[in-house]
file protein.tsv (TSV, C-alpha atoms and all ligand atoms)
chain	number	residue	atom	x	y	z
D	1	MET	CA	22.20	24.47	13.45
D	2	VAL	CA	20.84	25.46	10.03
D	3	GLN	CA	22.21	22.26	8.37
D	4	VAL	CA	20.79	19.97	11.07
D	5	THR	CA	17.17	20.16	9.86
D	6	PRO	CA	17.73	18.81	6.31
D	7	PHE	CA	19.99	16.12	7.75
D	8	LEU	CA	17.29	15.02	10.20
D	9	LEU	CA	14.71	15.05	7.39
D	10	VAL	CA	16.86	12.78	5.19
D	11	LEU	CA	17.59	10.52	8.15
D	12	SER	CA	13.91	10.11	9.06
D	13	LEU	CA	12.95	9.41	5.40
D	14	ALA	CA	15.67	6.76	5.18
D	15	LEU	CA	14.48	5.17	8.43
D	16	MET	CA	10.85	5.17	7.20
D	17	ALA	CA	11.83	3.51	3.89
D	18	HIS	CA	13.87	0.91	5.77
D	19	GLY	CA	10.95	0.29	8.14
D	20	LEU	CA	8.61	-0.38	5.20
D	21	SER	CA	10.94	-2.83	3.48
D	22	GLU	CA	11.61	-4.62	6.79
D	23	ARG	CA	7.90	-5.18	7.56
D	24	LYS	CA	7.39	-8.75	8.64
D	25	CYS	CA	5.06	-11.08	6.80
D	26	MET	CA	3.02	-13.14	9.29
D	27	LEU	CA	1.21	-16.35	8.31
D	28	THR	CA	-1.35	-16.26	11.12
D	29	GLY	CA	-4.79	-15.05	10.00
D	30	ARG	CA	-7.30	-15.43	7.17
D	31	TRP	CA	-6.28	-15.58	3.51
D	32	ILE	CA	-8.00	-15.75	0.10
D	33	ASN	CA	-6.40	-16.95	-3.13
D	34	ASP	CA	-6.85	-16.30	-6.86
D	35	LEU	CA	-9.38	-19.17	-7.13
D	36	GLY	CA	-11.51	-17.74	-4.30
D	37	SER	CA	-10.43	-20.39	-1.77
D	38	ASN	CA	-10.14	-19.28	1.87
D	39	MET	CA	-7.86	-20.52	4.60
D	40	THR	CA	-7.32	-19.71	8.26
D	41	ILE	CA	-3.89	-20.22	9.83
D	42	GLY	CA	-3.60	-20.37	13.61
D	43	ASP	CA	-0.77	-19.18	15.85
D	44	LEU	CA	2.70	-20.63	15.26
D	45	ASN	CA	4.33	-22.57	18.08
D	46	ARG	CA	7.98	-22.13	19.17
D	47	LYS	CA	9.12	-24.53	16.44
D	48	GLY	CA	7.24	-22.60	13.72
D	49	GLU	CA	4.54	-25.27	13.38
D	50	PHE	CA	0.92	-24.31	12.72
D	51	ALA	CA	-2.52	-25.76	12.07
D	52	GLY	CA	-5.56	-24.31	10.35
D	53	SER	CA	-8.47	-24.91	8.01
D	54	TYR	CA	-8.94	-24.67	4.25
D	55	HIS	CA	-12.15	-23.98	2.35
D	56	THR	CA	-11.45	-24.65	-1.33
D	57	ALA	CA	-13.60	-22.93	-3.95
D	58	VAL	CA	-12.94	-25.69	-6.51
D	59	THR	CA	-12.55	-29.47	-6.60
D	60	ALA	CA	-11.27	-32.06	-9.06
D	61	THR	CA	-14.09	-34.37	-7.85
D	62	THR	CA	-17.88	-34.32	-8.05
D	63	ASN	CA	-18.12	-34.42	-4.23
D	64	ASP	CA	-19.61	-31.69	-2.04
D	65	ILE	CA	-16.83	-29.43	-0.76
D	66	GLN	CA	-16.14	-29.48	3.00
D	67	VAL	CA	-13.79	-27.35	5.09
D	68	SER	CA	-10.61	-29.40	5.60
D	69	PRO	CA	-7.72	-29.29	8.09
D	70	LEU	CA	-4.23	-28.11	7.25
D	71	GLN	CA	-0.92	-28.60	9.05
D	72	GLY	CA	2.36	-26.90	8.27
D	73	SER	CA	5.52	-25.24	9.37
D	74	GLN	CA	7.40	-22.03	8.75
D	75	HIS	CA	11.15	-21.97	8.35
D	76	ARG	CA	13.18	-20.53	11.26
D	77	THR	CA	10.50	-18.64	13.15
D	78	ASN	CA	11.17	-14.93	13.74
D	79	GLN	CA	14.58	-14.86	12.08
D	80	LYS	CA	13.59	-13.66	8.62
D	81	SER	CA	11.08	-11.00	7.59
D	82	GLN	CA	9.79	-12.92	4.51
D	83	PRO	CA	9.77	-16.57	5.61
D	84	THR	CA	9.36	-19.73	3.55
D	85	PHE	CA	6.75	-22.27	4.65
D	86	GLY	CA	4.91	-25.43	3.68
D	87	PHE	CA	1.61	-27.05	4.60
D	88	THR	CA	-0.50	-30.08	3.80
D	89	VAL	CA	-4.27	-30.15	3.35
D	90	ASN	CA	-5.93	-33.50	4.08
D	91	TRP	CA	-9.21	-33.18	2.17
D	92	LYS	CA	-12.23	-34.39	4.15
D	93	PHE	CA	-14.48	-34.86	1.12
D	94	SER	CA	-12.07	-36.74	-1.19
D	95	ASP	CA	-9.20	-39.26	-1.04
D	96	SER	CA	-6.73	-36.56	-2.06
D	97	ILE	CA	-3.93	-34.65	-0.36
D	98	THR	CA	-2.45	-31.30	-1.39
D	99	VAL	CA	0.96	-30.02	-0.35
D	100	PHE	CA	1.69	-26.30	-0.66
D	101	THR	CA	5.11	-24.68	-0.48
D	102	GLY	CA	5.71	-20.96	-0.62
D	103	GLN	CA	7.05	-17.70	0.70
D	104	CYS	CA	5.36	-14.92	2.63
D	105	PHE	CA	6.26	-11.56	1.01
D	106	VAL	CA	5.57	-7.91	1.80
D	107	ASP	CA	4.97	-6.17	-1.57
D	108	ASP	CA	5.93	-2.60	-2.59
D	109	GLU	CA	2.72	-1.22	-1.03
D	110	GLY	CA	3.43	-2.95	2.27
D	111	LYS	CA	0.74	-5.62	1.58
D	112	GLU	CA	1.39	-9.23	2.60
D	113	VAL	CA	1.19	-11.84	-0.16
D	114	LEU	CA	1.76	-15.60	-0.12
D	115	LYS	CA	3.26	-16.97	-3.34
D	116	THR	CA	2.77	-20.74	-3.41
D	117	MET	CA	3.10	-23.82	-5.57
D	118	TRP	CA	1.09	-26.97	-4.91
D	119	LEU	CA	0.88	-30.64	-5.77
D	120	LEU	CA	-2.55	-32.28	-5.59
D	121	ARG	CA	-2.37	-36.06	-5.32
D	122	SER	CA	-5.57	-37.90	-6.18
D	123	ARG	CA	-6.11	-41.60	-5.38
D	124	VAL	CA	-6.20	-43.96	-8.32
D	125	ASP	CA	-7.35	-47.61	-8.25
D	126	ASN	CA	-4.47	-48.98	-10.28
D	127	ILE	CA	-0.71	-48.33	-10.40
D	128	LYS	CA	-1.09	-48.08	-14.15
D	129	ASP	CA	-2.90	-44.77	-13.56
D	130	ASP	CA	-0.17	-43.32	-11.37
D	131	TRP	CA	1.10	-41.12	-14.22
D	132	LYS	CA	-2.09	-39.04	-14.16
D	133	ALA	CA	-2.64	-38.86	-10.41
D	134	THR	CA	-0.75	-35.66	-9.55
D	135	ARG	CA	-1.72	-32.13	-10.57
D	136	VAL	CA	0.56	-29.12	-10.11
D	137	GLY	CA	-0.20	-25.42	-9.93
D	138	THR	CA	0.37	-22.07	-8.27
D	139	ASN	CA	-1.78	-19.94	-5.98
D	140	THR	CA	-1.34	-16.38	-4.71
D	141	PHE	CA	-2.97	-15.54	-1.38
D	142	THR	CA	-3.75	-12.10	0.06
D	143	ARG	CA	-4.88	-11.33	3.60
D	144	LEU	CA	-8.62	-11.19	4.36
D	145	HIS	CA	-9.22	-8.31	6.72
D	146	MET	CA	-12.00	-8.27	9.33
D	147	GLN	CA	-15.08	-6.40	8.05
D	148	LYS	CA	-16.25	-3.61	10.38
D	149	GLU	CA	-20.06	-3.43	10.80
Y	1	LIG	C1	-10.01	-32.52	-4.43
Y	1	LIG	O1	-10.50	-32.01	-5.43
Y	1	LIG	O2	-9.82	-33.77	-4.34
Y	1	LIG	C2	-9.66	-31.71	-3.21
Y	1	LIG	C3	-9.70	-30.24	-3.43
Y	1	LIG	C4	-8.48	-29.72	-4.15
Y	1	LIG	C5	-8.49	-28.23	-4.32
Y	1	LIG	C6	-7.26	-27.71	-5.03
Y	1	LIG	S1	-5.80	-27.74	-4.02
Y	1	LIG	C7	-4.94	-26.72	-5.14
Y	1	LIG	C8	-5.93	-25.72	-5.70
Y	1	LIG	N1	-5.98	-24.53	-4.88
Y	1	LIG	C9	-7.14	-24.38	-4.27
Y	1	LIG	O3	-7.43	-23.43	-3.53
Y	1	LIG	N2	-7.96	-25.39	-4.58
Y	1	LIG	C10	-7.34	-26.29	-5.54

call {"tool": "encode", "arguments": {"input": "protein.tsv", "output": "structure tokens", "more": "lines below"}}
Ligand code: BTN
result
Amino acid sequence: MVQVTPFLLVLSLALMAHGLSERKCMLTGRWINDLGSNMTIGDLNRKGEFAGSYHTAVTATTNDIQVSPLQGSQHRTNQKSQPTFGFTVNWKFSDSITVFTGQCFVDDEGKEVLKTMWLLRSRVDNIKDDWKATRVGTNTFTRLHMQKE
């Protein structure tokens, strides 16, 4: 009986550590990235598809920024705890399109983080300008939590 207590203690610590590392990363919700851009992702359907909106903090144009729709999908819904995903933003205030691809991680502190890479395609008038029409970059998103009043 005396040895049971330390065994149970070790067992519960191991289970807790496992529980932390197995925490699922969920795409649904509000996110902010390293540029200060915000996005909202809606619920995923059975196929892992989702829609949402994107409010960029920056633009490659001189146009006034407008909130723009996004559409994407997550790989194999519910089967992995840190899923890969992709989405497209169809900018309402420019002729451009951005595609993002990334993975939803849970970091060492149990915080969700989206690591992404993107391609921003701008429209050019002439095929001769095609070489300079695509920008590439990375963005890291963290979850925006609801503010209590
Ligand atoms: C445009 O300038 O034509 C549309 C806006 C592009 C904003 C880009 S998309 C990649 C990067 N990440 C952001 O949050 N905003 C910029």

call {"tool": "residues_near_ligand", "arguments": {"input": "protein.tsv", "ligand": "ligand LIG 1 (chain Y)", "cutoff": "12 Å", "atoms": "all atoms listed in the file", "output": "ChimeraX atom specification"}}
result
/D:31-39,53-70,87-101,116-124,133-141

call {"tool": "atom_distance", "arguments": {"input": "protein.tsv", "atom1": "CA of Gly42 (chain D)", "atom2": "CA of Gly72 (chain D)"}}
result
10.3 Å

call {"tool": "atom_distance", "arguments": {"input": "protein.tsv", "atom1": "CA of Leu144 (chain D)", "atom2": "CA of Gly29 (chain D)"}}
result
7.8 Å

call {"tool": "atom_distance", "arguments": {"input": "protein.tsv", "atom1": "CA of Thr40 (chain D)", "atom2": "CA of Asp108 (chain D)"}}
result
24.2 Å

call {"tool": "residues_around", "arguments": {"input": "protein.tsv", "residues": "Pro83 (chain D)", "least_positions_apart": "3", "cutoff": "12 Å", "atoms": "only C-alpha atoms", "output": "PDB file with C-alpha atoms, keeping the file's coordinate frame"}}
result
ATOM      1  CA  ARG D  23       7.900  -5.180   7.560  1.00  0.00           C
ATOM      2  CA  LYS D  24       7.390  -8.750   8.640  1.00  0.00           C
ATOM      3  CA  CYS D  25       5.060 -11.080   6.800  1.00  0.00           C
ATOM      4  CA  MET D  26       3.020 -13.140   9.290  1.00  0.00           C
ATOM      5  CA  LEU D  27       1.210 -16.350   8.310  1.00  0.00           C
ATOM      6  CA  GLY D  48       7.240 -22.600  13.720  1.00  0.00           C
ATOM      7  CA  SER D  73       5.520 -25.240   9.370  1.00  0.00           C
ATOM      8  CA  GLN D  74       7.400 -22.030   8.750  1.00  0.00           C
ATOM      9  CA  HIS D  75      11.150 -21.970   8.350  1.00  0.00           C
ATOM     10  CA  ARG D  76      13.180 -20.530  11.260  1.00  0.00           C
ATOM     11  CA  THR D  77      10.500 -18.640  13.150  1.00  0.00           C
ATOM     12  CA  ASN D  78      11.170 -14.930  13.740  1.00  0.00           C
ATOM     13  CA  GLN D  79      14.580 -14.860  12.080  1.00  0.00           C
ATOM     14  CA  LYS D  80      13.590 -13.660   8.620  1.00  0.00           C
ATOM     15  CA  GLY D  86       4.910 -25.430   3.680  1.00  0.00           C
ATOM     16  CA  THR D 101       5.110 -24.680  -0.480  1.00  0.00           C
ATOM     17  CA  GLY D 102       5.710 -20.960  -0.620  1.00  0.00           C
ATOM     18  CA  GLN D 103       7.050 -17.700   0.700  1.00  0.00           C
ATOM     19  CA  CYS D 104       5.360 -14.920   2.630  1.00  0.00           C
ATOM     20  CA  PHE D 105       6.260 -11.560   1.010  1.00  0.00           C
ATOM     21  CA  VAL D 106       5.570  -7.910   1.800  1.00  0.00           C
ATOM     22  CA  GLU D 112       1.390  -9.230   2.600  1.00  0.00           C
ATOM     23  CA  VAL D 113       1.190 -11.840  -0.160  1.00  0.00           C
ATOM     24  CA  LEU D 114       1.760 -15.600  -0.120  1.00  0.00           C
ATOM     25  CA  LYS D 115       3.260 -16.970  -3.340  1.00  0.00           C
TER      26      LYS D 115
END

call {"tool": "decode", "arguments": {"input": "protein.tsv", "residues": "region 61-109 of chain D", "atoms": "C-alpha atoms", "output": "tab-separated table (two decimals), in the first residue's frame"}}
result
chain	number	residue	atom	x	y	z
D	61	THR	CA	-1.55	49.16	-53.04
D	62	THR	CA	-2.59	52.74	-52.31
D	63	ASN	CA	-6.24	51.65	-51.96
D	64	ASP	CA	-8.31	51.90	-48.78
D	65	ILE	CA	-8.24	48.56	-46.95
D	66	GLN	CA	-11.53	46.63	-46.72
D	67	VAL	CA	-12.36	43.43	-44.85
D	68	SER	CA	-12.15	40.58	-47.39
D	69	PRO	CA	-13.51	37.02	-47.55
D	70	LEU	CA	-11.40	33.91	-47.13
D	71	GLN	CA	-12.08	30.29	-48.03
D	72	GLY	CA	-10.01	27.28	-47.06
D	73	SER	CA	-9.74	23.73	-45.90
D	74	GLN	CA	-8.04	21.77	-43.18
D	75	HIS	CA	-6.44	18.41	-43.86
D	76	ARG	CA	-8.26	15.32	-42.52
D	77	THR	CA	-10.58	16.90	-39.97
D	78	ASN	CA	-10.30	15.55	-36.42
D	79	GLN	CA	-7.64	12.96	-37.15
D	80	LYS	CA	-4.54	14.92	-36.17
D	81	SER	CA	-3.95	17.24	-33.21
D	82	GLN	CA	-1.81	19.76	-35.18
D	83	PRO	CA	-3.45	19.91	-38.63
D	84	THR	CA	-2.18	21.43	-41.86
D	85	PHE	CA	-4.46	23.83	-43.73
D	86	GLY	CA	-4.67	26.31	-46.59
D	87	PHE	CA	-6.87	29.27	-47.46
D	88	THR	CA	-7.30	31.92	-50.11
D	89	VAL	CA	-8.11	35.59	-49.53
D	90	ASN	CA	-9.88	37.33	-52.42
D	91	TRP	CA	-9.11	40.99	-51.71
D	92	LYS	CA	-12.13	43.27	-52.12
D	93	PHE	CA	-10.11	46.48	-52.49
D	94	SER	CA	-7.49	45.30	-55.02
D	95	ASP	CA	-7.11	42.94	-57.99
D	96	SER	CA	-4.92	40.63	-55.92
D	97	ILE	CA	-5.29	37.17	-54.39
D	98	THR	CA	-3.29	35.70	-51.51
D	99	VAL	CA	-2.95	32.00	-50.77
D	100	PHE	CA	-1.81	30.91	-47.31
D	101	THR	CA	-0.61	27.45	-46.34
D	102	GLY	CA	0.32	26.43	-42.83
D	103	GLN	CA	0.06	24.29	-39.75
D	104	CYS	CA	-1.83	24.81	-36.52
D	105	PHE	CA	0.52	24.06	-33.58
D	106	VAL	CA	0.16	23.94	-29.80
D	107	ASP	CA	3.39	25.42	-28.35
D	108	ASP	CA	5.24	24.39	-25.15
D	109	GLU	CA	2.97	26.63	-23.04
